[in-house]
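> This one is run.pdb, PDB, C-alpha atoms.
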```
ATOM      1  CA  MET F   1     -71.466 -65.600  32.783  1.00  0.00           C
ATOM      2  CA  GLY F   2     -68.612 -64.789  30.394  1.00  0.00           C
ATOM      3  CA  ARG F   3     -66.781 -61.503  30.339  1.00  0.00           C
ATOM      4  CA  PHE F   4     -68.121 -58.702  28.139  1.00  0.00           C
ATOM      5  CA  ASN F   5     -65.681 -56.373  26.407  1.00  0.00           C
ATOM      6  CA  ILE F   6     -67.147 -52.933  25.815  1.00  0.00           C
ATOM      7  CA  SER F   7     -65.995 -49.920  23.809  1.00  0.00           C
ATOM      8  CA  LYS F   8     -66.197 -46.190  24.438  1.00  0.00           C
ATOM      9  CA  GLY F   9     -69.844 -45.161  24.849  1.00  0.00           C
ATOM     10  CA  ASP F  10     -71.087 -48.714  25.478  1.00  0.00           C
ATOM     11  CA  ARG F  11     -72.922 -49.776  28.622  1.00  0.00           C
ATOM     12  CA  PHE F  12     -73.067 -52.979  30.661  1.00  0.00           C
ATOM     13  CA  LYS F  13     -76.159 -53.558  32.818  1.00  0.00           C
ATOM     14  CA  ILE F  14     -75.822 -54.652  36.426  1.00  0.00           C
ATOM     15  CA  ALA F  15     -79.308 -55.998  37.113  1.00  0.00           C
ATOM     16  CA  LYS F  16     -80.789 -56.077  40.610  1.00  0.00           C
ATOM     17  CA  SER F  17     -82.623 -59.264  39.630  1.00  0.00           C
ATOM     18  CA  GLU F  18     -79.292 -61.088  39.517  1.00  0.00           C
ATOM     19  CA  GLY F  19     -78.551 -60.106  43.110  1.00  0.00           C
ATOM     20  CA  LEU F  20     -75.318 -58.363  42.162  1.00  0.00           C
ATOM     21  CA  SER F  21     -74.669 -55.579  44.657  1.00  0.00           C
ATOM     22  CA  LYS F  22     -71.038 -55.852  45.763  1.00  0.00           C
ATOM     23  CA  ILE F  23     -68.538 -55.222  43.003  1.00  0.00           C
ATOM     24  CA  LYS F  24     -64.878 -54.379  42.586  1.00  0.00           C
ATOM     25  CA  VAL F  25     -63.763 -51.837  40.024  1.00  0.00           C
ATOM     26  CA  ILE F  26     -60.154 -52.443  39.063  1.00  0.00           C
ATOM     27  CA  LEU F  27     -57.841 -50.229  37.044  1.00  0.00           C
ATOM     28  CA  LYS F  28     -54.795 -51.995  35.569  1.00  0.00           C
ATOM     29  CA  TRP F  29     -51.899 -50.931  33.359  1.00  0.00           C
ATOM     30  CA  ALA F  30     -48.473 -52.123  32.275  1.00  0.00           C
ATOM     31  CA  LYS F  31     -45.615 -50.666  34.272  1.00  0.00           C
ATOM     32  CA  THR F  32     -42.988 -48.947  32.089  1.00  0.00           C
ATOM     33  CA  ASP F  33     -39.913 -46.789  32.612  1.00  0.00           C
ATOM     34  CA  LYS F  34     -42.006 -43.638  32.198  1.00  0.00           C
ATOM     35  CA  VAL F  35     -45.251 -44.754  33.866  1.00  0.00           C
ATOM     36  CA  ASP F  36     -45.104 -46.632  37.147  1.00  0.00           C
ATOM     37  CA  ASP F  37     -48.006 -45.089  39.053  1.00  0.00           C
ATOM     38  CA  LEU F  38     -51.571 -44.147  38.190  1.00  0.00           C
ATOM     39  CA  ASP F  39     -54.021 -42.880  40.796  1.00  0.00           C
ATOM     40  CA  ALA F  40     -57.662 -43.946  40.648  1.00  0.00           C
ATOM     41  CA  SER F  41     -60.272 -41.647  42.205  1.00  0.00           C
ATOM     42  CA  THR F  42     -64.059 -41.670  42.380  1.00  0.00           C
ATOM     43  CA  PHE F  43     -66.712 -38.938  42.273  1.00  0.00           C
ATOM     44  CA  LEU F  44     -70.224 -39.715  43.583  1.00  0.00           C
ATOM     45  CA  CYS F  45     -72.433 -37.181  41.804  1.00  0.00           C
ATOM     46  CA  GLY F  46     -76.053 -36.083  41.868  1.00  0.00           C
ATOM     47  CA  ASP F  47     -78.276 -35.288  38.902  1.00  0.00           C
ATOM     48  CA  ASP F  48     -76.273 -32.128  38.196  1.00  0.00           C
ATOM     49  CA  GLY F  49     -73.058 -34.089  37.725  1.00  0.00           C
ATOM     50  CA  VAL F  50     -71.438 -32.621  40.861  1.00  0.00           C
ATOM     51  CA  ILE F  51     -70.541 -34.355  44.145  1.00  0.00           C
ATOM     52  CA  LEU F  52     -73.029 -33.983  46.991  1.00  0.00           C
ATOM     53  CA  ASP F  53     -70.410 -33.374  49.696  1.00  0.00           C
ATOM     54  CA  ASP F  54     -66.644 -33.341  50.141  1.00  0.00           C
ATOM     55  CA  ALA F  55     -66.551 -37.076  50.924  1.00  0.00           C
ATOM     56  CA  GLY F  56     -68.176 -37.679  47.547  1.00  0.00           C
ATOM     57  CA  PHE F  57     -64.658 -37.269  46.173  1.00  0.00           C
ATOM     58  CA  VAL F  58     -62.923 -40.521  47.126  1.00  0.00           C
ATOM     59  CA  PHE F  59     -59.177 -40.226  46.545  1.00  0.00           C
ATOM     60  CA  TYR F  60     -55.910 -41.252  48.161  1.00  0.00           C
ATOM     61  CA  ASN F  61     -55.490 -38.049  50.192  1.00  0.00           C
ATOM     62  CA  SER F  62     -59.051 -37.817  51.541  1.00  0.00           C
ATOM     63  CA  GLU F  63     -59.395 -37.666  55.313  1.00  0.00           C
ATOM     64  CA  ASN F  64     -62.707 -39.534  55.205  1.00  0.00           C
ATOM     65  CA  ARG F  65     -61.332 -43.049  55.795  1.00  0.00           C
ATOM     66  CA  GLU F  66     -62.721 -46.515  56.503  1.00  0.00           C
ATOM     67  CA  LYS F  67     -61.414 -46.292  60.089  1.00  0.00           C
ATOM     68  CA  PRO F  68     -61.219 -43.245  62.367  1.00  0.00           C
ATOM     69  CA  PHE F  69     -57.847 -41.832  63.316  1.00  0.00           C
ATOM     70  CA  ASP F  70     -56.527 -43.283  66.577  1.00  0.00           C
ATOM     71  CA  ARG F  71     -53.126 -42.036  67.670  1.00  0.00           C
ATOM     72  CA  ALA F  72     -52.620 -45.070  69.914  1.00  0.00           C
ATOM     73  CA  ILE F  73     -52.912 -47.349  66.868  1.00  0.00           C
ATOM     74  CA  TYR F  74     -51.365 -45.303  64.065  1.00  0.00           C
ATOM     75  CA  GLY F  75     -49.079 -42.864  65.851  1.00  0.00           C
ATOM     76  CA  ASN F  76     -49.615 -40.101  63.296  1.00  0.00           C
ATOM     77  CA  LYS F  77     -51.984 -39.140  60.509  1.00  0.00           C
ATOM     78  CA  ARG F  78     -49.503 -39.946  57.766  1.00  0.00           C
ATOM     79  CA  ARG F  79     -49.392 -43.603  58.788  1.00  0.00           C
ATOM     80  CA  TRP F  80     -53.183 -43.655  59.284  1.00  0.00           C
ATOM     81  CA  MET F  81     -53.737 -42.447  55.728  1.00  0.00           C
ATOM     82  CA  ALA F  82     -51.205 -44.917  54.356  1.00  0.00           C
ATOM     83  CA  GLU F  83     -52.833 -47.898  56.073  1.00  0.00           C
ATOM     84  CA  THR F  84     -56.547 -47.109  55.697  1.00  0.00           C
ATOM     85  CA  ARG F  85     -58.662 -46.717  52.589  1.00  0.00           C
ATOM     86  CA  PRO F  86     -60.551 -43.533  51.616  1.00  0.00           C
ATOM     87  CA  MET F  87     -64.330 -43.900  51.847  1.00  0.00           C
ATOM     88  CA  SER F  88     -67.420 -42.070  50.606  1.00  0.00           C
ATOM     89  CA  SER F  89     -69.728 -40.499  53.190  1.00  0.00           C
ATOM     90  CA  ASP F  90     -72.377 -43.209  52.666  1.00  0.00           C
ATOM     91  CA  GLY F  91     -69.775 -45.970  53.077  1.00  0.00           C
ATOM     92  CA  ALA F  92     -70.673 -47.408  49.684  1.00  0.00           C
ATOM     93  CA  VAL F  93     -67.322 -46.741  48.001  1.00  0.00           C
ATOM     94  CA  LEU F  94     -63.907 -47.718  49.340  1.00  0.00           C
ATOM     95  CA  GLY F  95     -61.015 -46.301  47.352  1.00  0.00           C
ATOM     96  CA  SER F  96     -57.683 -47.943  46.745  1.00  0.00           C
ATOM     97  CA  LEU F  97     -54.739 -47.687  49.096  1.00  0.00           C
ATOM     98  CA  ASP F  98     -52.147 -45.313  47.671  1.00  0.00           C
ATOM     99  CA  ASP F  99     -49.274 -47.397  46.306  1.00  0.00           C
ATOM    100  CA  ARG F 100     -46.284 -45.094  45.801  1.00  0.00           C
ATOM    101  CA  ASP F 101     -43.925 -48.019  45.122  1.00  0.00           C
ATOM    102  CA  GLY F 102     -44.963 -48.287  41.505  1.00  0.00           C
ATOM    103  CA  GLY F 103     -47.770 -50.796  41.574  1.00  0.00           C
ATOM    104  CA  SER F 104     -49.685 -51.656  38.423  1.00  0.00           C
ATOM    105  CA  GLY F 105     -53.250 -51.743  39.668  1.00  0.00           C
ATOM    106  CA  GLU F 106     -55.836 -50.024  41.857  1.00  0.00           C
ATOM    107  CA  VAL F 107     -58.965 -51.581  43.363  1.00  0.00           C
ATOM    108  CA  ILE F 108     -62.163 -49.749  44.327  1.00  0.00           C
ATOM    109  CA  ASP F 109     -64.900 -51.598  46.241  1.00  0.00           C
ATOM    110  CA  VAL F 110     -68.520 -50.558  45.675  1.00  0.00           C
ATOM    111  CA  ASN F 111     -71.606 -51.741  47.566  1.00  0.00           C
ATOM    112  CA  LEU F 112     -74.456 -50.620  45.320  1.00  0.00           C
ATOM    113  CA  ASP F 113     -77.062 -51.300  48.019  1.00  0.00           C
ATOM    114  CA  ASN F 114     -75.485 -48.648  50.247  1.00  0.00           C
ATOM    115  CA  VAL F 115     -75.206 -45.813  47.730  1.00  0.00           C
ATOM    116  CA  ASP F 116     -76.952 -42.624  48.851  1.00  0.00           C
ATOM    117  CA  PRO F 117     -80.287 -42.373  46.948  1.00  0.00           C
ATOM    118  CA  LYS F 118     -79.336 -38.851  45.886  1.00  0.00           C
ATOM    119  CA  VAL F 119     -76.333 -40.210  43.971  1.00  0.00           C
ATOM    120  CA  SER F 120     -77.185 -40.888  40.319  1.00  0.00           C
ATOM    121  CA  GLU F 121     -73.709 -41.540  38.932  1.00  0.00           C
ATOM    122  CA  ILE F 122     -70.363 -42.767  40.228  1.00  0.00           C
ATOM    123  CA  VAL F 123     -67.479 -41.606  38.042  1.00  0.00           C
ATOM    124  CA  PHE F 124     -64.122 -43.387  37.991  1.00  0.00           C
ATOM    125  CA  VAL F 125     -61.121 -41.330  36.935  1.00  0.00           C
ATOM    126  CA  ALA F 126     -57.399 -41.914  36.554  1.00  0.00           C
ATOM    127  CA  THR F 127     -54.525 -39.479  36.867  1.00  0.00           C
ATOM    128  CA  LEU F 128     -50.793 -39.723  36.322  1.00  0.00           C
ATOM    129  CA  HIS F 129     -48.997 -39.248  39.618  1.00  0.00           C
ATOM    130  CA  ASP F 130     -46.881 -36.095  39.156  1.00  0.00           C
ATOM    131  CA  GLY F 131     -47.636 -36.293  35.423  1.00  0.00           C
ATOM    132  CA  ASP F 132     -47.834 -32.523  34.911  1.00  0.00           C
ATOM    133  CA  LYS F 133     -44.567 -31.994  36.770  1.00  0.00           C
ATOM    134  CA  ASP F 134     -42.710 -34.790  34.962  1.00  0.00           C
ATOM    135  CA  GLY F 135     -44.127 -34.106  31.504  1.00  0.00           C
ATOM    136  CA  VAL F 136     -45.625 -37.600  31.186  1.00  0.00           C
ATOM    137  CA  THR F 137     -48.983 -38.026  29.413  1.00  0.00           C
ATOM    138  CA  PHE F 138     -51.528 -40.818  29.023  1.00  0.00           C
ATOM    139  CA  GLY F 139     -50.110 -41.416  25.560  1.00  0.00           C
ATOM    140  CA  GLU F 140     -47.298 -43.229  27.357  1.00  0.00           C
ATOM    141  CA  VAL F 141     -49.609 -45.469  29.395  1.00  0.00           C
ATOM    142  CA  LYS F 142     -49.676 -49.012  28.009  1.00  0.00           C
ATOM    143  CA  ASP F 143     -52.292 -51.779  28.192  1.00  0.00           C
ATOM    144  CA  ALA F 144     -54.593 -49.889  30.551  1.00  0.00           C
ATOM    145  CA  TYR F 145     -58.091 -51.177  31.242  1.00  0.00           C
ATOM    146  CA  ILE F 146     -60.886 -50.923  33.788  1.00  0.00           C
ATOM    147  CA  ALA F 147     -62.991 -53.921  34.777  1.00  0.00           C
ATOM    148  CA  ILE F 148     -66.026 -54.790  36.868  1.00  0.00           C
ATOM    149  CA  ILE F 149     -65.572 -57.798  39.168  1.00  0.00           C
ATOM    150  CA  ASN F 150     -68.260 -59.679  41.103  1.00  0.00           C
ATOM    151  CA  ALA F 151     -66.927 -59.294  44.656  1.00  0.00           C
ATOM    152  CA  GLU F 152     -68.714 -62.453  45.784  1.00  0.00           C
ATOM    153  CA  ASN F 153     -66.791 -64.821  43.511  1.00  0.00           C
ATOM    154  CA  ASP F 154     -64.104 -62.652  41.816  1.00  0.00           C
ATOM    155  CA  GLU F 155     -65.632 -63.273  38.374  1.00  0.00           C
ATOM    156  CA  GLU F 156     -64.755 -60.584  35.846  1.00  0.00           C
ATOM    157  CA  LEU F 157     -68.002 -59.363  34.303  1.00  0.00           C
ATOM    158  CA  CYS F 158     -67.013 -56.489  32.060  1.00  0.00           C
ATOM    159  CA  ARG F 159     -63.852 -54.850  30.726  1.00  0.00           C
ATOM    160  CA  TYR F 160     -63.111 -51.601  28.911  1.00  0.00           C
ATOM    161  CA  GLU F 161     -59.656 -51.274  27.377  1.00  0.00           C
ATOM    162  CA  LEU F 162     -58.344 -47.714  27.072  1.00  0.00           C
ATOM    163  CA  ASN F 163     -57.195 -47.781  23.457  1.00  0.00           C
ATOM    164  CA  GLU F 164     -57.844 -44.100  22.753  1.00  0.00           C
ATOM    165  CA  ALA F 165     -55.005 -42.074  21.207  1.00  0.00           C
ATOM    166  CA  PHE F 166     -54.220 -39.814  24.162  1.00  0.00           C
ATOM    167  CA  THR F 167     -51.447 -37.293  23.522  1.00  0.00           C
ATOM    168  CA  SER F 168     -51.272 -34.317  25.908  1.00  0.00           C
ATOM    169  CA  GLU F 169     -53.762 -35.596  28.512  1.00  0.00           C
ATOM    170  CA  THR F 170     -52.668 -36.210  32.114  1.00  0.00           C
ATOM    171  CA  ALA F 171     -56.090 -37.277  33.434  1.00  0.00           C
ATOM    172  CA  VAL F 172     -58.899 -39.448  32.098  1.00  0.00           C
ATOM    173  CA  SER F 173     -62.576 -39.817  32.984  1.00  0.00           C
ATOM    174  CA  VAL F 174     -62.467 -43.569  32.472  1.00  0.00           C
ATOM    175  CA  ALA F 175     -65.969 -44.896  33.153  1.00  0.00           C
ATOM    176  CA  LYS F 176     -69.017 -44.443  35.344  1.00  0.00           C
ATOM    177  CA  LEU F 177     -71.866 -46.272  37.005  1.00  0.00           C
ATOM    178  CA  ILE F 178     -75.238 -44.660  36.307  1.00  0.00           C
ATOM    179  CA  ILE F 179     -78.833 -45.397  37.302  1.00  0.00           C
ATOM    180  CA  ASN F 180     -81.089 -46.219  34.347  1.00  0.00           C
ATOM    181  CA  GLU F 181     -84.853 -45.719  34.030  1.00  0.00           C
ATOM    182  CA  ASP F 182     -85.500 -49.153  35.563  1.00  0.00           C
ATOM    183  CA  GLY F 183     -83.516 -48.299  38.667  1.00  0.00           C
ATOM    184  CA  ASP F 184     -80.662 -50.624  37.716  1.00  0.00           C
ATOM    185  CA  TRP F 185     -77.018 -49.622  37.598  1.00  0.00           C
ATOM    186  CA  GLU F 186     -75.174 -49.590  34.293  1.00  0.00           C
ATOM    187  CA  PHE F 187     -71.443 -49.378  33.719  1.00  0.00           C
ATOM    188  CA  GLU F 188     -70.602 -46.938  30.927  1.00  0.00           C
ATOM    189  CA  ALA F 189     -67.219 -46.567  29.207  1.00  0.00           C
ATOM    190  CA  ILE F 190     -66.242 -42.880  28.902  1.00  0.00           C
ATOM    191  CA  GLY F 191     -62.577 -42.668  27.892  1.00  0.00           C
ATOM    192  CA  MET F 192     -62.409 -38.858  27.894  1.00  0.00           C
ATOM    193  CA  GLY F 193     -58.962 -37.320  28.351  1.00  0.00           C
ATOM    194  CA  HIS F 194     -58.201 -34.032  30.102  1.00  0.00           C
ATOM    195  CA  THR F 195     -55.180 -31.801  30.527  1.00  0.00           C
ATOM    196  CA  GLY F 196     -54.400 -30.299  33.909  1.00  0.00           C
ATOM    197  CA  GLY F 197     -54.396 -33.500  35.952  1.00  0.00           C
ATOM    198  CA  LEU F 198     -56.521 -33.990  39.040  1.00  0.00           C
ATOM    199  CA  GLU F 199     -57.290 -30.290  39.425  1.00  0.00           C
ATOM    200  CA  THR F 200     -59.177 -30.300  36.127  1.00  0.00           C
ATOM    201  CA  LEU F 201     -61.283 -33.251  37.265  1.00  0.00           C
ATOM    202  CA  ILE F 202     -62.083 -31.492  40.523  1.00  0.00           C
ATOM    203  CA  ASP F 203     -63.237 -28.460  38.534  1.00  0.00           C
ATOM    204  CA  ILE F 204     -65.574 -30.712  36.528  1.00  0.00           C
ATOM    205  CA  TYR F 205     -67.073 -32.919  39.234  1.00  0.00           C
ATOM    206  CA  ALA F 206     -66.647 -30.969  42.459  1.00  0.00           C
ATOM    207  CA  SER F 207     -67.276 -27.354  41.463  1.00  0.00           C
TER     208      SER F 207
END
```
Can you present the structure in this file as structure tokens?

Amino acid sequence: MGRFNISKGDRFKIAKSEGLSKIKVILKWAKTDKVDDLDASTFLCGDDGVILDDAGFVFYNSENREKPFDRAIYGNKRRWMAETRPMSSDGAVLGSLDDRDGGSGEVIDVNLDNVDPKVSEIVFVATLHDGDKDGVTFGEVKDAYIAIINAENDEELCRYELNEAFTSETAVSVAKLIINEDGDWEFEAIGMGHTGGLETLIDIYAS
């Protein structure tokens, strides 16, 4: 299967009949002098567009992690959070490790078979780390894209390049996975910018 490039508003179907259940969602960008760190977060929402519980917000600072805190192993919670990935309450979504050293990519693992049946959409967002404080906007982010990868063989299935003319925005609702009428998941490109950073996204998806 070749890669599909989609545009804002387009959808890519992930059919159950093809046995595709484990995917990676990657967010990539070009590192520049002004932009060296984006943070990818995920909201697992119900039919009302709001998360079902606190762990439905999967982000770098969440205390719902893939492994429980063990002082004998990690010593302190700061190290535990640095070395373990944030996880949704159903275990279906594993967020990216927080890379504060200026990486140029974030990886989110999704097991569609394990998603809570009450979840109807999984929204992927990106924020500029300290963007509001530093005065940096998404207009200065270069070559950013989000892609769906088959986790079984690392084949890239779908890509959405963020070519929108962002100016004052410091956060973006990038894309989402939604359940269609046939019960299959579809990947939809959103590309909607927001001012106010992560707090604005929390107001939208976690209020």
> For region 42-47 of chain F, please output as a PyMOL selection string all residues within 7 Å (counting all atoms listed in the file; exclusion window: fewer than 6 positions along the same chain).
chain F and resi 56-59+118-125+205
> Applying 9 Å and only C-alpha atoms, which residues near region 60-71 of chain F remain after dropping the ones on its own chain fewer than 3 positions away? List them as a ChimeraX atom specification.
/F:39-41,54-55,57,74-77,80-82,84-89,91,94-98
> Give me the residues near region 172-185 of chain F as a list of chain:residue names, where near means some atom within 9 Å (using only C-alpha atoms) and where sequence neighbours in that chain fewer than 6 positions away do not count.
F:Lys8, F:Phe12, F:Lys13, F:Ile14, F:Ala15, F:Lys16, F:Leu112, F:Val119, F:Ser120, F:Glu121, F:Ile122, F:Val123, F:Phe124, F:Val125, F:Ala126, F:Thr127, F:Phe138, F:Tyr145, F:Ile146, F:Tyr160, F:Leu162, F:Gly191, F:Met192, F:Gly193, F:His194, F:Thr195, F:Gly197, F:Leu201
> Between CA of Phe187 (chain F) and CA of Asp90 (chain F), what is the distance in Å, rounded to a tenth?
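We find that CA of Phe187 (chain F) and CA of Asp90 (chain F) lie 19.9 Å from each other.
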> Would you translate the PyMOL selection byres ((chain F and resi 105) around 10) into the concrete set of residues it matches in this file, as a list in words?
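This file, filtered by the PyMOL selection byres ((chain F and resi 105) around 10), leaves Ile26, Leu27, Lys28, Trp29, Ala30, Lys31, Asp36, Asp37, Leu38, Asp39, Ala40, Ser96, Asp99, Gly102, Gly103, Ser104, Glu106, Val107, Ala144, Tyr145 and Ile146 of chain F.
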> One decimal, Å: what's the distance from CA of Arg3 (chain F) over to CA of Lys142 (chain F), could you say?
21.3 Å
> How far is it from CA of Gly196 (chain F) to CA of Ala92 (chain F), in Å with one decimal?
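Spanning CA of Gly196 (chain F) to CA of Ala92 (chain F) is a straight-line distance of 28.4 Å.
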> Name the residues that the PyMOL selection byres ((chain F and resi 137) around 10) picks from the file above, as an mmCIF file with C-alpha atoms, in the frame of the given file, using the file's chain letters and numbers.

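Output file expr_12.cif follows:
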```
data_model
loop_
_atom_site.group_PDB
_atom_site.id
_atom_site.type_symbol
_atom_site.label_atom_id
_atom_site.label_comp_id
_atom_site.auth_asym_id
_atom_site.auth_seq_id
_atom_site.Cartn_x
_atom_site.Cartn_y
_atom_site.Cartn_z
ATOM 1 C CA LYS F 34 -42.006 -43.638 32.198
ATOM 2 C CA VAL F 35 -45.251 -44.754 33.866
ATOM 3 C CA THR F 127 -54.525 -39.479 36.867
ATOM 4 C CA LEU F 128 -50.793 -39.723 36.322
ATOM 5 C CA GLY F 131 -47.636 -36.293 35.423
ATOM 6 C CA ASP F 132 -47.834 -32.523 34.911
ATOM 7 C CA ASP F 134 -42.710 -34.790 34.962
ATOM 8 C CA GLY F 135 -44.127 -34.106 31.504
ATOM 9 C CA VAL F 136 -45.625 -37.600 31.186
ATOM 10 C CA PHE F 138 -51.528 -40.818 29.023
ATOM 11 C CA GLY F 139 -50.110 -41.416 25.560
ATOM 12 C CA GLU F 140 -47.298 -43.229 27.357
ATOM 13 C CA VAL F 141 -49.609 -45.469 29.395
ATOM 14 C CA PHE F 166 -54.220 -39.814 24.162
ATOM 15 C CA THR F 167 -51.447 -37.293 23.522
ATOM 16 C CA SER F 168 -51.272 -34.317 25.908
ATOM 17 C CA GLU F 169 -53.762 -35.596 28.512
ATOM 18 C CA THR F 170 -52.668 -36.210 32.114
ATOM 19 C CA ALA F 171 -56.090 -37.277 33.434
ATOM 20 C CA THR F 195 -55.180 -31.801 30.527
ATOM 21 C CA GLY F 197 -54.396 -33.500 35.952
#
```
> Using 3 Å of padding on each side, determine the axis-aligned box around all atoms of region 41-44 of chain F present in the file and give its centre and edge lengths in Å to one decimal, as JSON.

```
{"center_x": -65.2, "center_y": -40.3, "center_z": 42.9, "size_x": 16.0, "size_y": 8.7, "size_z": 7.4}
```
